[in-house]
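Data block for work_33.cif (mmCIF, C-alpha atoms and all ligand atoms):
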```cif
data_upload
#
loop_
_atom_site.group_PDB
_atom_site.id
_atom_site.type_symbol
_atom_site.label_atom_id
_atom_site.label_comp_id
_atom_site.auth_asym_id
_atom_site.auth_seq_id
_atom_site.Cartn_x
_atom_site.Cartn_y
_atom_site.Cartn_z
ATOM 1 C CA MET A 1137 14.626 6.625 21.951
ATOM 2 C CA SER A 1138 12.356 9.612 22.471
ATOM 3 C CA ASN A 1139 10.199 9.313 19.388
ATOM 4 C CA PRO A 1140 10.292 5.876 17.741
ATOM 5 C CA ARG A 1141 8.475 5.823 14.427
ATOM 6 C CA VAL A 1142 7.712 3.864 11.304
ATOM 7 C CA SER A 1143 10.174 4.660 8.506
ATOM 8 C CA LYS A 1144 8.895 2.857 5.392
ATOM 9 C CA LEU A 1145 6.043 0.833 3.909
ATOM 10 C CA ARG A 1146 7.505 -2.636 3.379
ATOM 11 C CA TYR A 1147 4.675 -4.844 2.132
ATOM 12 C CA VAL A 1148 0.959 -5.381 1.866
ATOM 13 C CA GLY A 1149 -0.513 -8.812 2.607
ATOM 14 C CA LEU A 1150 -3.717 -9.737 0.805
ATOM 15 C CA ALA A 1151 -5.947 -12.728 1.517
ATOM 16 C CA GLY A 1152 -8.753 -14.381 -0.380
ATOM 17 C CA PRO A 1153 -10.043 -17.319 -2.402
ATOM 18 C CA ASP A 1154 -8.738 -18.705 -5.708
ATOM 19 C CA PHE A 1155 -5.167 -18.941 -4.427
ATOM 20 C CA ALA A 1156 -3.692 -20.322 -7.647
ATOM 21 C CA VAL A 1157 -5.482 -17.832 -9.911
ATOM 22 C CA GLU A 1158 -4.394 -14.781 -7.936
ATOM 23 C CA ARG A 1159 -0.890 -16.177 -7.485
ATOM 24 C CA ASN A 1160 -0.504 -16.509 -11.233
ATOM 25 C CA PHE A 1161 -1.961 -13.035 -11.812
ATOM 26 C CA LEU A 1162 0.427 -11.304 -9.423
ATOM 27 C CA HIS A 1163 3.352 -12.840 -11.270
ATOM 28 C CA ASP A 1164 2.052 -12.415 -14.800
ATOM 29 C CA PRO A 1165 0.589 -10.079 -16.023
ATOM 30 C CA TRP A 1166 0.998 -7.858 -12.913
ATOM 31 C CA GLY A 1167 4.778 -8.296 -12.965
ATOM 32 C CA LEU A 1168 5.974 -9.366 -9.505
ATOM 33 C CA PRO A 1169 8.526 -12.197 -9.285
ATOM 34 C CA GLU A 1170 7.512 -14.864 -6.748
ATOM 35 C CA VAL A 1171 10.156 -15.491 -4.105
ATOM 36 C CA ALA A 1172 8.518 -18.214 -2.005
ATOM 37 C CA SER A 1173 5.307 -20.193 -1.766
ATOM 38 C CA ASP A 1174 4.045 -23.179 0.205
ATOM 39 C CA GLY A 1175 0.748 -23.606 -1.603
ATOM 40 C CA GLU A 1176 -1.257 -21.449 0.827
ATOM 41 C CA LEU A 1177 0.998 -18.438 1.170
ATOM 42 C CA ALA A 1178 3.061 -16.762 -1.538
ATOM 43 C CA TYR A 1179 5.548 -13.903 -1.392
ATOM 44 C CA PHE A 1180 6.369 -11.559 -4.269
ATOM 45 C CA ARG A 1181 9.088 -8.961 -4.694
ATOM 46 C CA ALA A 1182 9.561 -6.042 -7.076
ATOM 47 C CA GLU A 1183 12.653 -5.893 -9.268
ATOM 48 C CA GLY A 1184 13.559 -2.330 -8.252
ATOM 49 C CA SER A 1185 13.069 -2.804 -4.501
ATOM 50 C CA THR A 1186 15.565 -3.946 -1.892
ATOM 51 C CA GLU A 1187 12.711 -5.426 0.150
ATOM 52 C CA PRO A 1188 12.776 -9.254 0.074
ATOM 53 C CA PHE A 1189 9.032 -9.108 -0.603
ATOM 54 C CA ILE A 1190 6.523 -6.314 -1.154
ATOM 55 C CA THR A 1191 3.321 -8.356 -1.484
ATOM 56 C CA ARG A 1192 2.081 -11.401 0.392
ATOM 57 C CA TRP A 1193 -0.840 -13.476 -0.824
ATOM 58 C CA ARG A 1194 -2.609 -15.929 1.502
ATOM 59 C CA GLY A 1195 -5.388 -18.300 0.548
ATOM 60 C CA THR A 1196 -8.534 -17.779 2.685
ATOM 61 C CA ALA A 1197 -12.287 -18.236 2.190
ATOM 62 C CA GLN A 1198 -13.072 -14.511 2.086
ATOM 63 C CA ARG A 1199 -11.230 -11.632 0.457
ATOM 64 C CA GLY A 1200 -9.627 -9.222 2.884
ATOM 65 C CA LEU A 1201 -6.602 -7.184 3.846
ATOM 66 C CA ASP A 1202 -4.351 -9.589 5.759
ATOM 67 C CA VAL A 1203 -1.540 -7.413 7.126
ATOM 68 C CA ILE A 1204 0.406 -4.245 6.304
ATOM 69 C CA GLY A 1205 4.162 -4.378 6.914
ATOM 70 C CA PHE A 1206 6.112 -1.278 7.941
ATOM 71 C CA ALA A 1207 9.791 -0.770 8.744
ATOM 72 C CA ALA A 1208 11.358 0.800 11.797
ATOM 73 C CA ASP A 1209 15.009 1.860 11.680
ATOM 74 C CA SER A 1210 16.415 -0.385 14.389
ATOM 75 C CA ARG A 1211 15.685 -3.190 16.791
ATOM 76 C CA ALA A 1212 15.641 -0.587 19.567
ATOM 77 C CA ASP A 1213 12.975 1.366 17.640
ATOM 78 C CA VAL A 1214 10.900 -1.798 17.212
ATOM 79 C CA ASP A 1215 11.076 -2.480 20.956
ATOM 80 C CA ALA A 1216 10.329 1.145 21.827
ATOM 81 C CA LEU A 1217 7.383 1.299 19.429
ATOM 82 C CA ALA A 1218 5.928 -1.943 20.793
ATOM 83 C CA GLN A 1219 6.215 -0.634 24.339
ATOM 84 C CA LYS A 1220 4.726 2.724 23.443
ATOM 85 C CA LEU A 1221 1.775 1.182 21.581
ATOM 86 C CA ALA A 1222 1.023 -1.286 24.355
ATOM 87 C CA ARG A 1223 1.164 1.527 26.930
ATOM 88 C CA SER A 1224 -1.246 3.565 24.777
ATOM 89 C CA GLY A 1225 -3.814 0.769 24.841
ATOM 90 C CA VAL A 1226 -3.255 -0.362 21.241
ATOM 91 C CA LYS A 1227 -4.349 -3.983 20.826
ATOM 92 C CA MET A 1228 -1.156 -5.999 20.376
ATOM 93 C CA ILE A 1229 -0.990 -9.273 18.432
ATOM 94 C CA THR A 1230 2.588 -10.376 19.129
ATOM 95 C CA GLU A 1231 5.566 -9.142 21.101
ATOM 96 C CA PRO A 1232 8.759 -8.350 19.142
ATOM 97 C CA HIS A 1233 10.388 -11.577 18.002
ATOM 98 C CA ARG A 1234 12.511 -13.037 15.212
ATOM 99 C CA LEU A 1235 10.561 -13.164 11.959
ATOM 100 C CA ASP A 1236 10.736 -16.167 9.646
ATOM 101 C CA SER A 1237 9.301 -14.612 6.482
ATOM 102 C CA PRO A 1238 11.710 -14.011 3.555
ATOM 103 C CA GLY A 1239 14.504 -11.691 4.751
ATOM 104 C CA GLY A 1240 13.869 -12.561 8.413
ATOM 105 C CA GLY A 1241 14.182 -9.611 10.769
ATOM 106 C CA TYR A 1242 12.789 -8.611 14.123
ATOM 107 C CA GLY A 1243 9.267 -7.329 14.559
ATOM 108 C CA PHE A 1244 5.875 -7.376 16.201
ATOM 109 C CA ARG A 1245 2.246 -7.132 15.171
ATOM 110 C CA CYS A 1246 -0.624 -5.016 16.438
ATOM 111 C CA PHE A 1247 -4.000 -3.762 15.222
ATOM 112 C CA ASP A 1248 -4.551 -0.218 14.027
ATOM 113 C CA GLY A 1249 -7.551 1.733 15.295
ATOM 114 C CA ASP A 1250 -9.897 0.119 12.759
ATOM 115 C CA GLY A 1251 -8.716 -3.465 13.350
ATOM 116 C CA HIS A 1252 -6.285 -3.935 10.448
ATOM 117 C CA ALA A 1253 -3.253 -6.061 11.378
ATOM 118 C CA LEU A 1254 0.081 -4.248 11.142
ATOM 119 C CA GLU A 1255 3.617 -5.649 11.331
ATOM 120 C CA ILE A 1256 6.523 -3.372 12.230
ATOM 121 C CA SER A 1257 10.014 -4.745 11.704
ATOM 122 C CA SER A 1258 13.710 -3.982 11.513
ATOM 123 C CA ASP A 1259 16.817 -5.905 10.461
ATOM 124 C CA VAL A 1260 15.114 -7.469 7.443
ATOM 125 C CA ALA A 1261 17.887 -8.596 5.077
ATOM 126 C CA PRO A 1262 17.755 -6.514 1.889
ATOM 127 C CA VAL A 1263 18.007 -8.055 -1.560
ATOM 128 C CA ALA A 1264 19.744 -6.635 -4.630
ATOM 129 C CA ALA A 1265 17.582 -4.173 -6.539
ATOM 130 C CA ARG A 1266 18.229 -3.218 -10.125
ATOM 131 C CA ALA A 1267 17.304 -0.204 -12.244
ATOM 132 C CA LEU A 1268 14.561 -1.190 -14.646
ATOM 133 C CA ASN A 1269 15.229 -0.621 -18.327
ATOM 134 C CA ARG A 1270 13.069 1.250 -20.797
ATOM 135 C CA GLY A 1271 10.278 -1.042 -21.892
ATOM 136 C CA GLU A 1272 10.215 -3.130 -18.713
ATOM 137 C CA SER A 1273 6.690 -2.218 -17.743
ATOM 138 C CA ILE A 1274 6.672 -4.027 -14.380
ATOM 139 C CA PRO A 1275 6.444 -2.536 -10.885
ATOM 140 C CA ALA A 1276 9.738 -1.110 -9.610
ATOM 141 C CA VAL A 1277 8.650 -0.719 -5.973
ATOM 142 C CA LEU A 1278 5.588 -0.847 -3.738
ATOM 143 C CA SER A 1279 4.107 2.651 -3.585
ATOM 144 C CA HIS A 1280 1.172 2.985 -1.184
ATOM 145 C CA VAL A 1281 -1.949 1.533 0.331
ATOM 146 C CA VAL A 1282 -5.305 3.332 0.650
ATOM 147 C CA LEU A 1283 -7.847 2.309 3.289
ATOM 148 C CA HIS A 1284 -11.464 3.188 3.917
ATOM 149 C CA THR A 1285 -12.209 4.308 7.442
ATOM 150 C CA PRO A 1286 -15.444 5.342 9.185
ATOM 151 C CA ASP A 1287 -13.630 8.091 11.144
ATOM 152 C CA ILE A 1288 -10.900 9.744 9.107
ATOM 153 C CA LYS A 1289 -9.743 12.147 11.839
ATOM 154 C CA LYS A 1290 -9.318 9.226 14.242
ATOM 155 C CA ALA A 1291 -7.455 7.132 11.652
ATOM 156 C CA VAL A 1292 -5.100 10.011 10.805
ATOM 157 C CA ALA A 1293 -4.497 10.698 14.503
ATOM 158 C CA PHE A 1294 -3.609 7.014 15.085
ATOM 159 C CA TYR A 1295 -1.023 6.932 12.305
ATOM 160 C CA GLU A 1296 0.404 10.349 13.296
ATOM 161 C CA GLU A 1297 0.538 9.880 17.040
ATOM 162 C CA GLN A 1298 1.219 6.164 17.356
ATOM 163 C CA LEU A 1299 3.403 5.530 14.300
ATOM 164 C CA GLY A 1300 4.919 8.940 13.493
ATOM 165 C CA PHE A 1301 3.347 9.577 10.070
ATOM 166 C CA LYS A 1302 2.989 13.131 8.741
ATOM 167 C CA VAL A 1303 0.085 14.484 6.715
ATOM 168 C CA SER A 1304 1.280 15.493 3.230
ATOM 169 C CA ASP A 1305 -2.023 16.781 1.819
ATOM 170 C CA TRP A 1306 -5.796 16.611 2.172
ATOM 171 C CA LEU A 1307 -8.510 16.363 -0.431
ATOM 172 C CA GLY A 1308 -11.303 18.399 1.125
ATOM 173 C CA ASP A 1309 -11.861 17.057 4.629
ATOM 174 C CA PHE A 1310 -12.455 13.487 3.511
ATOM 175 C CA MET A 1311 -9.192 12.141 2.041
ATOM 176 C CA SER A 1312 -5.851 12.371 3.800
ATOM 177 C CA PHE A 1313 -2.423 11.417 2.393
ATOM 178 C CA LEU A 1314 0.273 10.482 4.918
ATOM 179 C CA ARG A 1315 3.998 9.832 4.595
ATOM 180 C CA CYS A 1316 6.577 8.038 6.713
ATOM 181 C CA ASP A 1317 9.600 8.737 4.467
ATOM 182 C CA ASP A 1318 10.146 11.026 1.483
ATOM 183 C CA VAL A 1319 7.380 9.424 -0.623
ATOM 184 C CA HIS A 1320 4.373 11.793 -0.704
ATOM 185 C CA HIS A 1321 2.060 9.110 0.627
ATOM 186 C CA SER A 1322 2.630 5.566 1.834
ATOM 187 C CA ILE A 1323 -0.881 5.389 3.228
ATOM 188 C CA ALA A 1324 -4.057 7.370 2.610
ATOM 189 C CA PHE A 1325 -7.568 7.263 4.045
ATOM 190 C CA ILE A 1326 -10.992 7.834 2.534
ATOM 191 C CA PRO A 1327 -14.428 7.403 4.116
ATOM 192 C CA GLY A 1328 -16.222 4.077 4.309
ATOM 193 C CA PRO A 1329 -16.391 0.908 6.366
ATOM 194 C CA PRO A 1330 -12.904 -0.317 7.324
ATOM 195 C CA CYS A 1331 -11.419 -2.120 4.314
ATOM 196 C CA LEU A 1332 -8.845 -1.885 1.579
ATOM 197 C CA ASN A 1333 -9.468 0.636 -1.202
ATOM 198 C CA HIS A 1334 -6.347 -0.156 -3.262
ATOM 199 C CA VAL A 1335 -2.685 -1.085 -3.267
ATOM 200 C CA ALA A 1336 -0.385 0.875 -5.609
ATOM 201 C CA TYR A 1337 2.819 -0.213 -7.328
ATOM 202 C CA GLU A 1338 5.221 2.380 -8.716
ATOM 203 C CA MET A 1339 6.557 1.961 -12.227
ATOM 204 C CA ARG A 1340 9.868 3.324 -13.549
ATOM 205 C CA ASP A 1341 8.131 6.299 -15.193
ATOM 206 C CA MET A 1342 4.893 7.326 -16.871
ATOM 207 C CA ASP A 1343 5.787 5.558 -20.134
ATOM 208 C CA GLU A 1344 6.169 2.265 -18.283
ATOM 209 C CA MET A 1345 2.905 2.866 -16.434
ATOM 210 C CA MET A 1346 1.174 3.256 -19.791
ATOM 211 C CA ARG A 1347 2.941 0.220 -21.288
ATOM 212 C CA GLY A 1348 1.992 -1.817 -18.228
ATOM 213 C CA ALA A 1349 -1.609 -0.619 -18.440
ATOM 214 C CA GLY A 1350 -1.654 -1.606 -22.106
ATOM 215 C CA ARG A 1351 -0.337 -5.084 -21.262
ATOM 216 C CA LEU A 1352 -3.088 -5.554 -18.670
ATOM 217 C CA MET A 1353 -5.764 -4.338 -21.091
ATOM 218 C CA LYS A 1354 -4.496 -6.792 -23.720
ATOM 219 C CA ASN A 1355 -4.840 -9.489 -21.042
ATOM 220 C CA LYS A 1356 -8.470 -8.406 -20.472
ATOM 221 C CA VAL A 1357 -7.779 -7.238 -16.911
ATOM 222 C CA PRO A 1358 -10.628 -4.799 -16.145
ATOM 223 C CA LEU A 1359 -9.496 -1.143 -16.101
ATOM 224 C CA LYS A 1360 -11.598 0.619 -13.475
ATOM 225 C CA TRP A 1361 -10.194 4.163 -13.331
ATOM 226 C CA GLY A 1362 -7.574 5.847 -15.466
ATOM 227 C CA PRO A 1363 -5.237 6.526 -16.995
ATOM 228 C CA GLY A 1364 -4.781 9.919 -15.437
ATOM 229 C CA ARG A 1365 -2.695 12.086 -13.130
ATOM 230 C CA HIS A 1366 -3.795 12.990 -9.610
ATOM 231 C CA THR A 1367 -3.013 16.372 -8.033
ATOM 232 C CA ALA A 1368 -2.175 15.319 -4.470
ATOM 233 C CA GLY A 1369 1.147 13.523 -4.957
ATOM 234 C CA ASN A 1370 1.124 14.484 -8.666
ATOM 235 C CA ASN A 1371 1.277 10.770 -9.532
ATOM 236 C CA THR A 1372 -0.098 9.119 -12.635
ATOM 237 C CA PHE A 1373 -2.615 6.335 -12.101
ATOM 238 C CA SER A 1374 -4.387 3.363 -13.638
ATOM 239 C CA TYR A 1375 -6.559 1.195 -11.394
ATOM 240 C CA PHE A 1376 -7.413 -2.407 -12.255
ATOM 241 C CA PHE A 1377 -9.342 -5.232 -10.601
ATOM 242 C CA ASP A 1378 -7.351 -8.349 -9.799
ATOM 243 C CA PRO A 1379 -9.069 -11.769 -10.181
ATOM 244 C CA VAL A 1380 -10.394 -11.807 -6.592
ATOM 245 C CA GLY A 1381 -11.747 -8.252 -6.721
ATOM 246 C CA ASN A 1382 -9.026 -6.088 -5.147
ATOM 247 C CA SER A 1383 -8.247 -2.753 -6.775
ATOM 248 C CA LEU A 1384 -4.573 -2.583 -7.643
ATOM 249 C CA GLU A 1385 -2.914 0.490 -9.136
ATOM 250 C CA TYR A 1386 -0.014 1.116 -11.454
ATOM 251 C CA THR A 1387 1.343 4.548 -10.582
ATOM 252 C CA ALA A 1388 4.407 6.604 -11.525
ATOM 253 C CA GLU A 1389 6.190 9.868 -10.760
ATOM 254 C CA VAL A 1390 4.889 10.105 -7.178
ATOM 255 C CA ASP A 1391 6.165 13.309 -5.540
ATOM 256 C CA ARG A 1392 9.108 12.995 -3.183
ATOM 257 C CA VAL A 1393 8.752 15.357 -0.252
ATOM 258 C CA ASP A 1394 11.339 17.376 1.669
ATOM 259 C CA ASP A 1395 10.228 17.351 5.294
ATOM 260 C CA ALA A 1396 12.023 20.641 5.967
ATOM 261 C CA THR A 1397 10.031 22.637 3.433
ATOM 262 C CA TRP A 1398 6.803 20.710 2.694
ATOM 263 C CA LYS A 1399 3.561 22.429 3.638
ATOM 264 C CA PRO A 1400 0.325 20.405 3.396
ATOM 265 C CA THR A 1401 -2.306 21.667 0.973
ATOM 266 C CA VAL A 1402 -6.046 21.122 1.265
ATOM 267 C CA TYR A 1403 -7.183 20.573 -2.328
ATOM 268 C CA PRO A 1404 -10.792 21.318 -3.196
ATOM 269 C CA PRO A 1405 -12.592 18.154 -4.304
ATOM 270 C CA GLY A 1406 -13.318 18.071 -8.018
ATOM 271 C CA PHE A 1407 -12.811 16.127 -11.207
ATOM 272 C CA GLU A 1408 -9.821 18.241 -12.342
ATOM 273 C CA ILE A 1409 -8.116 17.672 -8.980
ATOM 274 C CA THR A 1410 -8.383 13.879 -9.021
ATOM 275 C CA ASP A 1411 -7.723 13.738 -12.795
ATOM 276 C CA GLN A 1412 -5.558 16.608 -14.091
ATOM 277 C CA TRP A 1413 -5.667 15.427 -17.713
ATOM 278 C CA GLY A 1414 -9.355 14.524 -17.881
ATOM 279 C CA THR A 1415 -8.487 11.230 -19.566
ATOM 280 C CA SER A 1416 -10.120 8.985 -16.967
ATOM 281 C CA VAL A 1417 -13.483 9.637 -18.641
ATOM 282 C CA LEU A 1418 -12.388 6.642 -20.731
ATOM 283 C CA SER A 1419 -13.042 4.474 -17.645
ATOM 284 C CA ASP A 1420 -15.721 3.956 -15.004
ATOM 285 C CA GLY A 1421 -14.032 6.545 -12.767
ATOM 286 C CA PRO A 1422 -13.699 6.296 -8.979
ATOM 287 C CA GLN A 1423 -17.224 4.852 -8.831
ATOM 288 C CA GLY A 1424 -15.854 1.876 -10.750
ATOM 289 C CA MET A 1425 -13.629 0.925 -7.832
ATOM 290 C CA GLY A 1426 -16.552 -0.890 -6.208
ATOM 291 C CA LYS A 1427 -18.614 -0.345 -3.083
ATOM 292 C CA PRO A 1428 -16.586 -0.720 0.111
ATOM 293 C CA VAL A 1429 -17.761 -3.426 2.488
ATOM 294 C CA PRO A 1430 -16.331 -4.075 5.975
ATOM 295 C CA ASP A 1431 -13.254 -6.279 5.838
ATOM 296 C CA PRO A 1432 -14.158 -9.735 7.225
ATOM 297 C CA ALA A 1433 -10.699 -10.006 8.815
ATOM 298 C CA LEU A 1434 -10.945 -6.974 11.118
ATOM 299 C CA TRP A 1435 -9.535 -7.622 14.606
ATOM 300 C CA GLN A 1436 -8.487 -11.129 13.606
ATOM 301 C CA ALA A 1437 -4.820 -11.951 13.800
ATOM 302 C CA PRO A 1438 -3.498 -13.628 10.632
ATOM 303 C CA PRO A 1439 -2.300 -17.138 11.552
ATOM 304 C CA VAL A 1440 1.047 -16.525 9.803
HETATM 305 FE FE FE B 1501 -3.257 5.337 -5.286
#
```
I'd like the structure from this file rewritten - as structure tokens, please.
Amino acid sequence: MSNPRVSKLRYVGLAGPDFAVERNFLHDPWGLPEVASDGELAYFRAEGSTEPFITRWRGTAQRGLDVIGFAADSRADVDALAQKLARSGVKMITEPHRLDSPGGGYGFRCFDGDGHALEISSDVAPVAARALNRGESIPAVLSHVVLHTPDIKKAVAFYEEQLGFKVSDWLGDFMSFLRCDDVHHSIAFIPGPPCLNHVAYEMRDMDEMMRGAGRLMKNKVPLKWGPGRHTAGNNTFSYFFDPVGNSLEYTAEVDRVDDATWKPTVYPPGFEITDQWGTSVLSDGPQGMGKPVPDPALWQAPPV
């Protein structure tokens, strides 16, 4: 096991107040079926994903990023990663053990360099995915998570060196897009105090992204930025605020990357780079995504 690494983004766990309101929102209108809930913790899947859940929602006093779940390919990789991280001085939360979240599995938790809790697991039982039909404007799979960080070079180095991510592209020297499988980016970093910028859900195609965006607008969910198409990743985007104030994105047509031939590009910052079509002038733009504030949950292990 010379180079154990993360091989997929599995789920993003969010935490915050108004448990019932957010729980209802994630199901409808956002479009994630709920798979389990105990009144303080709810799990949601996506119809096109084999993951037993792709979003976790936990009721807490303050809004924050609770945990990010990644896959490793095998139990041996999980063990090797845990050993490697501990040896490197990474702050561990739990040793590898049997997981009791939906789908079970074997995994451990640690903090990344900024204090966000991560879970890395294998042997999670997959569920049946189905191909979404035309007109089903609900998320097919979880796409990516974007985090603010005060030191982007350090954050990128952590995910490259400790977890095996590869840089797909840069926007100037301040935004980096990283992959752990063939998806152009599963995680990206932009400057700011450590906190969540947004979580993105991939729709079947651009039509479904637009239909989904229309459904949210009809439900008076605030559109913050979009619709448009980015250049890095070439994905379409529409960013909305959920009821507790997280930015969530509907995206589509995210580039798939061939490791053997992909060469990272450094794109010059500019309106036409972040919005190829120019249509996001309809919205508040990236400024509408809110001012980042340090996540209150940094360096605190989630209780579940
Ligand atoms: Fe995004």
Which polymer residues have any atom within 8 Å of an atom of Leu1201 (chain A), counting all atoms listed in the file, with same-chain residues fewer than 4 positions away left out, as number ranges by chain?
A: 1149-1151, 1252, 1331-1332, 1431, 1433
Could you save those same residues with C-alpha atoms as a PDB file, in the coordinates of the input?
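Below is the file that was written, result.pdb:
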```pdb
ATOM      1  CA  GLY A1149      -0.513  -8.812   2.607  1.00  0.00           C
ATOM      2  CA  LEU A1150      -3.717  -9.737   0.805  1.00  0.00           C
ATOM      3  CA  ALA A1151      -5.947 -12.728   1.517  1.00  0.00           C
ATOM      4  CA  HIS A1252      -6.285  -3.935  10.448  1.00  0.00           C
ATOM      5  CA  CYS A1331     -11.419  -2.120   4.314  1.00  0.00           C
ATOM      6  CA  LEU A1332      -8.845  -1.885   1.579  1.00  0.00           C
ATOM      7  CA  ASP A1431     -13.254  -6.279   5.838  1.00  0.00           C
ATOM      8  CA  ALA A1433     -10.699 -10.006   8.815  1.00  0.00           C
TER       9      ALA A1433
END
```
State, in Å with one decimal place, the distance from CA of Arg1340 (chain A) to CA of Gln1423 (chain A).
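Those two atoms sit 27.5 Å apart.
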Would you kindly translate the PyMOL selection byres (((chain A and resi 1182) around 9) and not hetatm) into the concrete residues it picks from this file, as an NGL selection string?
:A and (1167-1169 or 1180-1181 or 1183-1191 or 1265 or 1274-1278 or 1337)
Work out how far CA of Lys1427 (chain A) is from CA of Gly1251 (chain A), in Å to one decimal.
19.4 Å
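Restricting the calculation to all atoms listed in the file, the smallest distance between Ile1323 (chain A) and any of A:Thr1285, A:Thr1401, A:Ser1279, A:Gln1219 is found for A:Ser1279.
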Spatial neighbours of Phe1301 (chain A), max dist 6 Å, all atoms listed in the file, sep filter under 4 positions, as an NGL selection string:
:A and (1295-1296 or 1315-1316)
Any chance you could resolve the PyMOL selection byres (((not hetatm)) within 9 of (chain B and resi 1501)) against this file and give the residues as a PDB file with C-alpha atoms, keeping the file's coordinate frame?
```pdb
ATOM      1  CA  SER A1279       4.107   2.651  -3.585  1.00  0.00           C
ATOM      2  CA  HIS A1280       1.172   2.985  -1.184  1.00  0.00           C
ATOM      3  CA  VAL A1281      -1.949   1.533   0.331  1.00  0.00           C
ATOM      4  CA  VAL A1282      -5.305   3.332   0.650  1.00  0.00           C
ATOM      5  CA  HIS A1321       2.060   9.110   0.627  1.00  0.00           C
ATOM      6  CA  ILE A1323      -0.881   5.389   3.228  1.00  0.00           C
ATOM      7  CA  ALA A1324      -4.057   7.370   2.610  1.00  0.00           C
ATOM      8  CA  ASN A1333      -9.468   0.636  -1.202  1.00  0.00           C
ATOM      9  CA  HIS A1334      -6.347  -0.156  -3.262  1.00  0.00           C
ATOM     10  CA  VAL A1335      -2.685  -1.085  -3.267  1.00  0.00           C
ATOM     11  CA  ALA A1336      -0.385   0.875  -5.609  1.00  0.00           C
ATOM     12  CA  TYR A1337       2.819  -0.213  -7.328  1.00  0.00           C
ATOM     13  CA  HIS A1366      -3.795  12.990  -9.610  1.00  0.00           C
ATOM     14  CA  ASN A1371       1.277  10.770  -9.532  1.00  0.00           C
ATOM     15  CA  THR A1372      -0.098   9.119 -12.635  1.00  0.00           C
ATOM     16  CA  PHE A1373      -2.615   6.335 -12.101  1.00  0.00           C
ATOM     17  CA  SER A1374      -4.387   3.363 -13.638  1.00  0.00           C
ATOM     18  CA  TYR A1375      -6.559   1.195 -11.394  1.00  0.00           C
ATOM     19  CA  LEU A1384      -4.573  -2.583  -7.643  1.00  0.00           C
ATOM     20  CA  GLU A1385      -2.914   0.490  -9.136  1.00  0.00           C
ATOM     21  CA  TYR A1386      -0.014   1.116 -11.454  1.00  0.00           C
ATOM     22  CA  THR A1387       1.343   4.548 -10.582  1.00  0.00           C
TER      23      THR A1387
END
```
Using all atoms listed in the file, which residues sit within 9 Å of Pro1438 (chain A) once same-chain residues fewer than 3 positions away are excluded, as an MDAnalysis selection string?
chainID A and resid 1202:1203 1253 1433
